[in-house]
Amino acid sequence: MASDPVIETNSVTVPITSLTFYGEYLLSGEGPFLKVYQVTHGKLICQKDVLNLAVIHGICKGFGSHFVIYGQKSLCVVSIQISQHDCVQICVESTVCELKDLIWNICWLQENSTIEQHWSQLAVILAHNSVVRWHWKERLVLQHAHCAENCILYSALLIGNTWDTLFVAAGTVFNQIVVWKPSTEQESTQRCAVQKRYTGHQGVIFNISYNADRRQLCSVSDDRSIRLWSTDGAANAVLVLYGHTARVWNCQLLDDVIVSIGEDATCKVWSYLGEVLYTFTGHKGCSIWSLAVDKDNRILATGGGDSSIRLWRLDEKKPVSTTDLVKVDVGVVEKLKLKRSSKVSSALDISDLTPRHVTVTNTGEVMVLIQCGALLAYKLPSQTWRCLMYDPQFQSYGVMSVAPSKKMAALGNIDGHLKVVQLDNIESSAAEKHVFQGKVLNVIWASSEDLFASGPGGHLDWYKVTTDSCDTINLIIRSKFILPSARQHWATAVSVLADEGILCGDRRGSLHVYSYDSNTLGGSHSTGQSLQRLPPCHSLFGIHGKTGVTSVCLHDGMIYSTGRDGTYRQHILKRDEEGIAKLQLLNTFKVSKGFQWLERIVFPSDEEMQILGFHTNQFLVWSVTRSERLIEVECGGGHRTWGYTVCDVGSESIATFACVKAQQIFIHRVPWQLGSRQTIVKQALHGNQVTCVKHLASFSSNEEGVEYAVCATGSEDTTVNIVMLYLRRPSNPKILHRLQAHISRVCALASCPSPLKGDKHQLSQSVLLFSVGGRCALQCWRVNLKQQNGPSSPELCCQVEHLVSYGTVDGVERRRLLKKSADLVDPETRYMDVTVWQDAVSTQTVHIAVAGSDACVRLFDLDESSRNLTLQSVTPCHDACVLSVTHLSHQSDDFIATLILTAATNGKILIWDSRQGTVVNGTLESNKGTGTSNLHHALQSTHKTLGKYLLELHHHQSGVNCLSSVQLHNDIYLLASGGDDNSLSVSIVQLSRSENNDVGVKCLNTFGLPNAHAAQVSGLHFISQSCLVSTSVDQRINLWMVEVSSDNQSISKVQLSGSKFSHIADVSCMDIWVSRSGIPHFITSGQGLQVLHIAKDQYQS
């Protein structure tokens, strides 16, 4: 092995295992790296590898800016140096020291008079219940005390700052807490007696904390409980708390509250009476591993297994609990019942006070249309009523909508009358028109001037609403539209797309685009008699299912729609060759499990997206950006009229929700800052293990010398992320997109340049991304990447279009089509691997080969322009699960061929000619631009197969996880494989062509490395003809030099030339690419991501 480490680390993204506040900075332990973040801006300031191979589990502050960093068996002392210009630097004061046992806790000892000597000693508690007195400067063990309770510990805490006053609270393997004093060693036994024993936990104890002012211990356990113990009283728990739904990992005792984190990915704040004050959610899927508390600023920091760091504010105001609305943690709840009152005008002849419609304005008023035809306004601060309108025509039936400016309201009645009234000037006259022969089904404000009325027969009228100098309302018809015929065809949402047209969503769940020009618009004096009803120029039928579209909006050039099918969708409006505007679906997103009734999308800022809707019997405001519930109100569910707004009341913002329940008006108000306590310091990567990773593109900034890469990652949490990684400076991954098309684990990724937009311009690239996984799922996206503001800016614009999907994906209709087809696919079948290549003749066609757990390899063709995915063949190629598939494209003057290489759990590698086979069947098409897919199968059809395999290699005893090939010379190739048997195999294969143009393959020589790794090989790639890199679950990345004879007929040797420890546990995949500076980079995935490169000088040598 080479003595010099030729492999260097660029960045590591792993679970956050330790956190500590230091003034305005936050120190984070991520693997062996100590990272410093600026709390206010959430910016990564600096980072340093301080523990080499160990994972940081604790950061303990000492004197000044000194900290002891420890984890596993290692520890070191560092200092955080901050210059006058706020430049932060991590300085290592002592090299890494490795003890003989696992370290559970460390505290600083103050033993001498001088400052330098005062902090020179540490107390270290080890996993076998012993304490070491350690002189960190001289690296000496001064004392080593053992407890009489000689057992393994699961947790421990050191209490005190001198050796004579030091106590140990240790959580033993027997589910007990034992307290002992290291300075009381008995001469006869050479051990320290247990002074107190606390019992009560039914599982092992994971963490212990102590509050000196309250003189209380707190422990958390495998039994999901939190227990408080008094150090002065009896050995029984004074308080037992249950609230976490999984194991509890850590807790902190503050003066007024208890904070706990757990495996259920929640952070809970408790009172000392046992009440849950707050439950903070936001971490994705995984455990919250670390917790830090800034007591002065009342800020919590949590670090999760999803690699994210989040800050939470502890507010001084205690939440108000109510009996009217259950599960409301914070806010003020007012329950109003409309009754005859002096606050309502006595001139009204009101016979029925049943509320019909309710909404909330941005001034804090609740607008109520009641059964008798009166429109009332209730002002919340003063709790006074005022009557805005009373019209008997609106008795028994009425629809209402308030303009975005909140200055006007539109109403429609059963006789087809449309009425617009002013809210801020009730003395002004209202505008009224008879618009339909039948009842007005809905009124919708697209803007403060654009009003749409929906009537019987699918009629939709567009009105311009203006006011003159006398505050008279003018209602001017602009255009008329007709909705496509359907059982329920009235408009539910409308948006005006500037000069592009009108976008409408209907009750059937469809989206329609209408074009208009000056010839189809009515003028200021138009009565609408001469206007023809315009049909839609493009429609996406049933895109939100049968439950209806609830909202459409335009933001940052993208169109968003929501529906009661539990999805929100991202679209873009494009014009075809004839200039017709068409809506193109880019992506479909789900909010969270069970959140099916989405009502509206709001964008409080450019970085924040929020979803309003209903989950079971609750109204929710959900932050998509932070993955948390901001507001939840138990209102009875979504089948009711409601209103919501955030308005300024004095110096604070108030969120107000109003609804009708049991013929009563309920109002829920909450200070808005309580709904947005969370700050994201570091973005989450995935909520579970990263199963696959694929490099997509590389960019560079010539002036700043910044290089960054864009990669795709897939995970067991069913998502695919598009991630930007900086290569030459400390940084964390930036998530550009989260894709949610899969309903099961994502197993593999593949990519190729887009045939339509595949030219590799320096500032713009377009890539096709393919993902496969459980439930027979194959997804295809087009990823458009563009570097913004020229080469000197590292900002990247990323747009993702979902092209087509295949398999048992989430959709009842598509599953029904699959069941009707002749080719019944077992829904338990998993697609394990995928490889793609462009056709050598037809450059517009992309071929996809997919390995399945049902021992079959499926070959697809994709036509990107028409979004058609054609199933070309299904080949039972192994008698076992196919784990890996790749391709070998050969082009020479003699012949052109593409070979498919497959490997399975039986240890065999088969090589096939993709050109063989006879019958073609099965087409998967994009469903009229919706991005969904329908499978068209002939009922009595026979699939083409890959034909007879050309070569069989049996180089492994068990499963073959990875394959890689490289051209050696003309028709001679190197083929490498890695398997579950920890071995690597490198073979020389030669291609040939017979007289009838059949391709032949033969193996010339094989070189095997039976113990290349200490565990299964999970990643393998050729960097060049003579260089091979491999990775394994043993967390080693090995660099191999391959020497081939001069005649290319045999392999002389395969020698290890370099090795690097990977900080990623459970390594699952690896990919490589060459950066724009010519340096090979590779990225490994597993419990996180690690980007590495080969040192430039050594790579060139």
# chains A, B, ... in the order shown; residues from 1 in each chain; ligands from 1
>>> select_by_dssp(residues="segment 955-1071 of chain A", states="strand (DSSP E)", output="JSON, numbers by chain")
{"A": [960, 961, 962, 963, 964, 965, 966, 967, 968, 969, 972, 973, 974, 975, 976, 977, 978, 979, 984, 985, 986, 987, 988, 989, 990, 991, 992, 993, 999, 1000, 1001, 1002, 1003, 1004, 1005, 1006, 1007, 1008, 1009, 1017, 1018, 1019, 1020, 1021, 1022, 1023, 1024, 1027, 1028, 1029, 1030, 1031, 1032, 1036, 1037, 1038, 1039, 1040, 1041, 1042, 1043, 1044, 1051, 1052, 1053, 1054, 1055, 1056, 1057, 1058, 1059, 1060, 1061, 1069, 1070, 1071]}
>>> residues_around(residues="Ser1024 of chain A", least_positions_apart="6", cutoff="10 Å", atoms="only C-alpha atoms", output="PyMOL selection string")
chain A and resi 965-968+1041-1042+1080
>>> write_last_selection(atoms="all heavy atoms", output="CSV table (one decimal), in the first residue's frame")
chain,number,residue,atom,x,y,z
A,965,SER,N,-16.6,-1.5,-16.8
A,965,SER,CA,-15.7,-1.9,-18.0
A,965,SER,C,-15.1,-0.7,-18.6
A,965,SER,O,-15.5,0.5,-18.4
A,965,SER,CB,-16.6,-2.6,-19.0
A,965,SER,OG,-17.6,-1.7,-19.6
A,966,VAL,N,-13.9,-0.9,-19.2
A,966,VAL,CA,-13.2,0.1,-19.9
A,966,VAL,C,-12.5,-0.5,-21.1
A,966,VAL,O,-12.1,-1.6,-21.1
A,966,VAL,CB,-12.2,0.8,-19.0
A,966,VAL,CG1,-11.1,-0.2,-18.6
A,966,VAL,CG2,-11.5,2.0,-19.6
A,967,GLN,N,-12.4,0.3,-22.2
A,967,GLN,CA,-11.8,-0.2,-23.4
A,967,GLN,C,-10.3,-0.2,-23.3
A,967,GLN,O,-9.7,0.9,-22.9
A,967,GLN,CB,-12.2,0.7,-24.6
A,967,GLN,CG,-11.8,0.1,-26.0
A,967,GLN,CD,-12.3,0.9,-27.1
A,967,GLN,OE1,-12.7,2.1,-27.0
A,967,GLN,NE2,-12.3,0.3,-28.3
A,968,LEU,N,-9.7,-1.3,-23.6
A,968,LEU,CA,-8.2,-1.4,-23.5
A,968,LEU,C,-7.5,-1.2,-24.8
A,968,LEU,O,-6.6,-0.4,-24.9
A,968,LEU,CB,-7.9,-2.8,-23.0
A,968,LEU,CG,-6.5,-3.1,-22.4
A,968,LEU,CD1,-6.2,-2.2,-21.3
A,968,LEU,CD2,-6.3,-4.5,-22.0
A,1041,MET,N,-4.1,-0.5,-9.0
A,1041,MET,CA,-3.4,-0.3,-10.3
A,1041,MET,C,-3.4,-1.6,-11.0
A,1041,MET,O,-3.0,-2.7,-10.5
A,1041,MET,CB,-2.0,0.2,-10.0
A,1041,MET,CG,-1.9,1.5,-9.3
A,1041,MET,SD,-2.9,2.8,-10.0
A,1041,MET,CE,-2.1,3.0,-11.6
A,1042,VAL,N,-3.9,-1.6,-12.2
A,1042,VAL,CA,-4.0,-2.8,-13.1
A,1042,VAL,C,-2.9,-2.8,-14.1
A,1042,VAL,O,-2.9,-1.9,-14.9
A,1042,VAL,CB,-5.4,-2.9,-13.7
A,1042,VAL,CG1,-5.6,-4.2,-14.5
A,1042,VAL,CG2,-6.5,-2.8,-12.7
A,1080,PRO,N,-10.1,13.4,-11.2
A,1080,PRO,CA,-11.2,12.4,-10.9
A,1080,PRO,C,-11.8,12.6,-9.5
A,1080,PRO,O,-11.0,12.7,-8.5
A,1080,PRO,CB,-10.5,11.0,-11.0
A,1080,PRO,CG,-9.2,11.3,-11.7
A,1080,PRO,CD,-8.8,12.7,-11.4
>>> residues_around(residues="segment 828-845 of chain A", least_positions_apart="6", cutoff="6 Å", atoms="only C-alpha atoms", output="PyMOL selection string")
chain A and resi 747-748+750+755+772-776+851-853+862-863+883-886
>>> write_last_selection(atoms="C-alpha atoms", output="CSV table (one decimal), in the first residue's frame")
chain,number,residue,atom,x,y,z
A,747,CYS,CA,-32.8,1.3,-5.8
A,748,ALA,CA,-30.7,2.7,-8.6
A,750,ALA,CA,-28.8,6.3,-14.3
A,755,PRO,CA,-31.1,14.0,-27.1
A,772,VAL,CA,-35.9,2.5,-10.5
A,773,GLY,CA,-37.0,0.9,-7.3
A,774,GLY,CA,-39.6,-1.2,-5.5
A,775,ARG,CA,-43.1,-1.9,-6.9
A,776,CYS,CA,-41.7,-2.3,-10.4
A,851,ALA,CA,-32.5,-5.5,-13.8
A,852,GLY,CA,-35.4,-7.1,-11.8
A,853,SER,CA,-35.6,-9.2,-8.7
A,862,LEU,CA,-37.6,6.2,-24.8
A,863,ASP,CA,-38.6,8.8,-27.4
A,883,LEU,CA,-28.5,-7.4,-8.9
A,884,SER,CA,-26.6,-5.4,-11.4
A,885,VAL,CA,-26.8,-4.4,-15.1
A,886,THR,CA,-24.5,-2.3,-17.2
>>> residues_around(residues="Gln1090 of chain A", least_positions_apart="5", cutoff="10 Å", atoms="only C-alpha atoms", output="PyMOL selection string")
chain A and resi 9-14+1062-1064+1070+1082-1085
>>> closest_residue(among="A:Arg867, A:His66, A:His969, A:His85", to="Ser805 of chain A", atoms="only C-alpha atoms")
A:Arg867
>>> atom_distance(atom1="atom CA of Leu736 of chain A", atom2="atom CA of Met724 of chain A")
6.9 Å
>>> closest_atom_pairs(of="segment 466-584 of chain A", to="segment 598-610 of chain A", cutoff="7 Å", atoms="only C-alpha atoms", output="JSON lines")
{"residue": "A:Thr550", "atom": "CA", "partner": "A:Glu599", "partner_atom": "CA", "distance": 5.2}
{"residue": "A:Ser551", "atom": "CA", "partner": "A:Arg600", "partner_atom": "CA", "distance": 5.5}
{"residue": "A:Thr562", "atom": "CA", "partner": "A:Leu598", "partner_atom": "CA", "distance": 5.9}
{"residue": "A:Gly563", "atom": "CA", "partner": "A:Leu598", "partner_atom": "CA", "distance": 5.5}
{"residue": "A:Arg564", "atom": "CA", "partner": "A:Leu598", "partner_atom": "CA", "distance": 5.4}
{"residue": "A:Gly566", "atom": "CA", "partner": "A:Leu598", "partner_atom": "CA", "distance": 6.0}
>>> residues_around(residues="segment 708-710 of chain A", least_positions_apart="2", cutoff="6 Å", atoms="only C-alpha atoms", output="PyMOL selection string")
chain A and resi 696-699+723-727
>>> closest_residue(among="A:Cys1003, A:Val720, A:Val178, A:Cys780", to="Gly807 of chain A", atoms="only C-alpha atoms")
A:Cys780
>>> residues_around(residues="Asp222 of chain A", least_positions_apart="2", cutoff="9 Å", atoms="only C-alpha atoms", output="ChimeraX atom specification")
/A:201-206,220,224-225,246-249
>>> write_last_selection(atoms="N, CA and C atoms", output="PDB file, in the first residue's frame")
ATOM      1  N   HIS A 201     -36.520   2.160  35.416  1.00  0.00           N
ATOM      2  CA  HIS A 201     -36.579   2.011  33.962  1.00  0.00           C
ATOM      3  C   HIS A 201     -36.752   0.547  33.578  1.00  0.00           C
ATOM      4  N   GLN A 202     -37.475   0.314  32.502  1.00  0.00           N
ATOM      5  CA  GLN A 202     -37.685  -1.034  31.983  1.00  0.00           C
ATOM      6  C   GLN A 202     -36.828  -1.300  30.746  1.00  0.00           C
ATOM      7  N   GLY A 203     -35.933  -0.432  30.443  1.00  0.00           N
ATOM      8  CA  GLY A 203     -35.024  -0.590  29.306  1.00  0.00           C
ATOM      9  C   GLY A 203     -33.709   0.091  29.611  1.00  0.00           C
ATOM     10  N   VAL A 204     -32.734  -0.094  28.728  1.00  0.00           N
ATOM     11  CA  VAL A 204     -31.417   0.501  28.952  1.00  0.00           C
ATOM     12  C   VAL A 204     -31.521   2.018  28.919  1.00  0.00           C
ATOM     13  N   ILE A 205     -30.615   2.676  29.613  1.00  0.00           N
ATOM     14  CA  ILE A 205     -30.647   4.133  29.779  1.00  0.00           C
ATOM     15  C   ILE A 205     -29.679   4.746  28.772  1.00  0.00           C
ATOM     16  N   PHE A 206     -30.192   5.636  27.931  1.00  0.00           N
ATOM     17  CA  PHE A 206     -29.394   6.186  26.836  1.00  0.00           C
ATOM     18  C   PHE A 206     -28.719   7.508  27.177  1.00  0.00           C
ATOM     19  N   VAL A 220     -33.276   9.132  30.237  1.00  0.00           N
ATOM     20  CA  VAL A 220     -34.144   8.690  29.143  1.00  0.00           C
ATOM     21  C   VAL A 220     -33.755   7.269  28.779  1.00  0.00           C
ATOM     22  N   ARG A 224     -38.998   4.279  26.364  1.00  0.00           N
ATOM     23  CA  ARG A 224     -39.682   5.475  25.855  1.00  0.00           C
ATOM     24  C   ARG A 224     -40.079   6.455  26.951  1.00  0.00           C
ATOM     25  N   SER A 225     -39.525   6.294  28.126  1.00  0.00           N
ATOM     26  CA  SER A 225     -39.901   7.181  29.231  1.00  0.00           C
ATOM     27  C   SER A 225     -38.783   8.162  29.544  1.00  0.00           C
ATOM     28  N   ALA A 246     -41.295   6.459  20.249  1.00  0.00           N
ATOM     29  CA  ALA A 246     -40.164   5.552  20.048  1.00  0.00           C
ATOM     30  C   ALA A 246     -39.138   5.847  21.134  1.00  0.00           C
ATOM     31  N   ARG A 247     -37.983   5.241  21.006  1.00  0.00           N
ATOM     32  CA  ARG A 247     -36.956   5.406  22.037  1.00  0.00           C
ATOM     33  C   ARG A 247     -36.534   6.862  22.188  1.00  0.00           C
ATOM     34  N   VAL A 248     -36.202   7.245  23.413  1.00  0.00           N
ATOM     35  CA  VAL A 248     -35.777   8.614  23.715  1.00  0.00           C
ATOM     36  C   VAL A 248     -34.256   8.611  23.837  1.00  0.00           C
ATOM     37  N   TRP A 249     -33.599   9.528  23.121  1.00  0.00           N
ATOM     38  CA  TRP A 249     -32.136   9.512  23.064  1.00  0.00           C
ATOM     39  C   TRP A 249     -31.478  10.487  24.038  1.00  0.00           C
TER      40      TRP A 249
END
>>> residues_around(residues="His459 of chain A", least_positions_apart="6", cutoff="9 Å", atoms="only C-alpha atoms", output="MDAnalysis selection string")
chainID A and resid 436 453 480:483 489:491 533
>>> select_by_dssp(residues="segment 731-891 of chain A", states="alpha helix (DSSP H)", output="compact mmCIF listing (two decimals) with N, CA, C and O atoms, in the first residue's frame")
# COMPACT_ATOMS: atom_id res chain seq x y z
N VAL A 812 -54.67 4.56 -8.77
CA VAL A 812 -55.62 3.45 -8.87
C VAL A 812 -55.86 3.10 -10.33
O VAL A 812 -55.91 1.92 -10.70
N GLU A 813 -55.99 4.12 -11.19
CA GLU A 813 -56.29 3.84 -12.58
C GLU A 813 -55.14 3.11 -13.26
O GLU A 813 -55.35 2.19 -14.05
N ARG A 814 -53.91 3.50 -12.96
CA ARG A 814 -52.78 2.84 -13.61
C ARG A 814 -52.61 1.42 -13.09
O ARG A 814 -52.22 0.53 -13.83
N ARG A 815 -52.89 1.19 -11.82
CA ARG A 815 -52.82 -0.18 -11.31
C ARG A 815 -53.90 -1.05 -11.96
O ARG A 815 -53.67 -2.23 -12.24
N ARG A 816 -55.07 -0.45 -12.22
CA ARG A 816 -56.14 -1.20 -12.87
C ARG A 816 -55.74 -1.58 -14.29
O ARG A 816 -56.01 -2.68 -14.77
N LEU A 817 -55.07 -0.67 -15.00
CA LEU A 817 -54.61 -0.96 -16.35
C LEU A 817 -53.57 -2.08 -16.36
O LEU A 817 -53.56 -2.93 -17.24
N LEU A 818 -52.69 -2.07 -15.38
CA LEU A 818 -51.68 -3.12 -15.31
C LEU A 818 -52.34 -4.48 -15.07
O LEU A 818 -51.90 -5.50 -15.62
N LYS A 819 -53.39 -4.53 -14.26
CA LYS A 819 -54.06 -5.80 -13.99
C LYS A 819 -54.78 -6.32 -15.23
O LYS A 819 -54.89 -7.53 -15.44
N LYS A 820 -55.26 -5.40 -16.07
CA LYS A 820 -55.96 -5.82 -17.27
C LYS A 820 -54.99 -6.32 -18.34
O LYS A 820 -55.40 -7.04 -19.26
>>> atom_distance(atom1="atom CA of Gln121 of chain A", atom2="atom CA of Thr20 of chain A")
20.7 Å
>>> atom_distance(atom1="atom CA of His686 of chain A", atom2="atom CA of Phe589 of chain A")
15.7 Å
>>> closest_residue(among="A:Ser155, A:Gln252, A:Ser751, A:Gln216", to="Asp294 of chain A", atoms="only C-alpha atoms")
A:Gln252
>>> closest_residue(among="A:Asp306, A:Val706, A:Thr189, A:Gln779", to="Arg729 of chain A", atoms="only C-alpha atoms")
A:Val706
